[in-house]
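Peer 1: Sharing a structure here in structure tokens format.
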Amino acid sequence: MSATTAALEGDTAPSQWRGFASNFDAAADRADGLEVRLALAAVATDMRLYADALEARNSEALQSIHKQRSKDLQRFLRACGG
């Protein structure tokens, strides 16, 4: 995890990550196309898991979830034609 990413994410409370997840869930509900919906739902799940790991102060889990979230965001971009 880059120092910049760690600094930014360190300032974000678990409740904020859960709020982001809710926004991604809402976007998934409105999205056209199964692949886009699935990618958005995966990112939402990653964000909830990240919030849990933050609360638990589990740095190993944070790094793993961060990597998975990056992959899922890339999946979302591909699904959108990006």
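Residues in the structure tokens are named by chain (A, B, ... in the order shown) and by number from 1 within that chain; ligands are numbered from 1 in the order shown.
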Identify, on the basis of only C-alpha atoms, every residue whose closest approach to region 67-77 of chain A does not exceed 8 Å; exclude the query and any residue fewer than 2 positions from it along the same chain; express the result as a PyMOL selection string.
Peer 2: chain A and resi 35-36+39-40+42-43+46-47+63-65+79-82
Peer 1: Please give the complete set of residues from chain A that DSSP, run on the backbone, assigns to helix (DSSP H, G or I), formatted as a ChimeraX atom specification.
Peer 2: /A:3-10,14-30,34-56,59-79
Peer 1: For CA of Ala41 (chain A) and CA of Ala26 (chain A), quote the distance in Å rounded to one decimal.
Peer 2: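 Computed distance, CA of Ala41 (chain A) to CA of Ala26 (chain A), equals 9.0 Å.
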Peer 1: Could you name the residues that touch Asp52 (chain A) at 12 Å or less, counting only C-alpha atoms, but leaving out those on the same chain fewer than 3 positions away, as a list in words?
Peer 2: Ala13, Pro14, Ser15, Gln16, Trp17, Arg18, Thr45, Asp46, Met47, Arg48, Leu49, Glu55, Ala56, Arg57, Asn58, Ser59, Ala61, Leu62 and Ile65 of chain A
Peer 1: Which value, in Å to one decimal, gives the distance between CA of Gly33 (chain A) and CA of His66 (chain A)?
Peer 2: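 These two atoms are separated by 25.2 Å.
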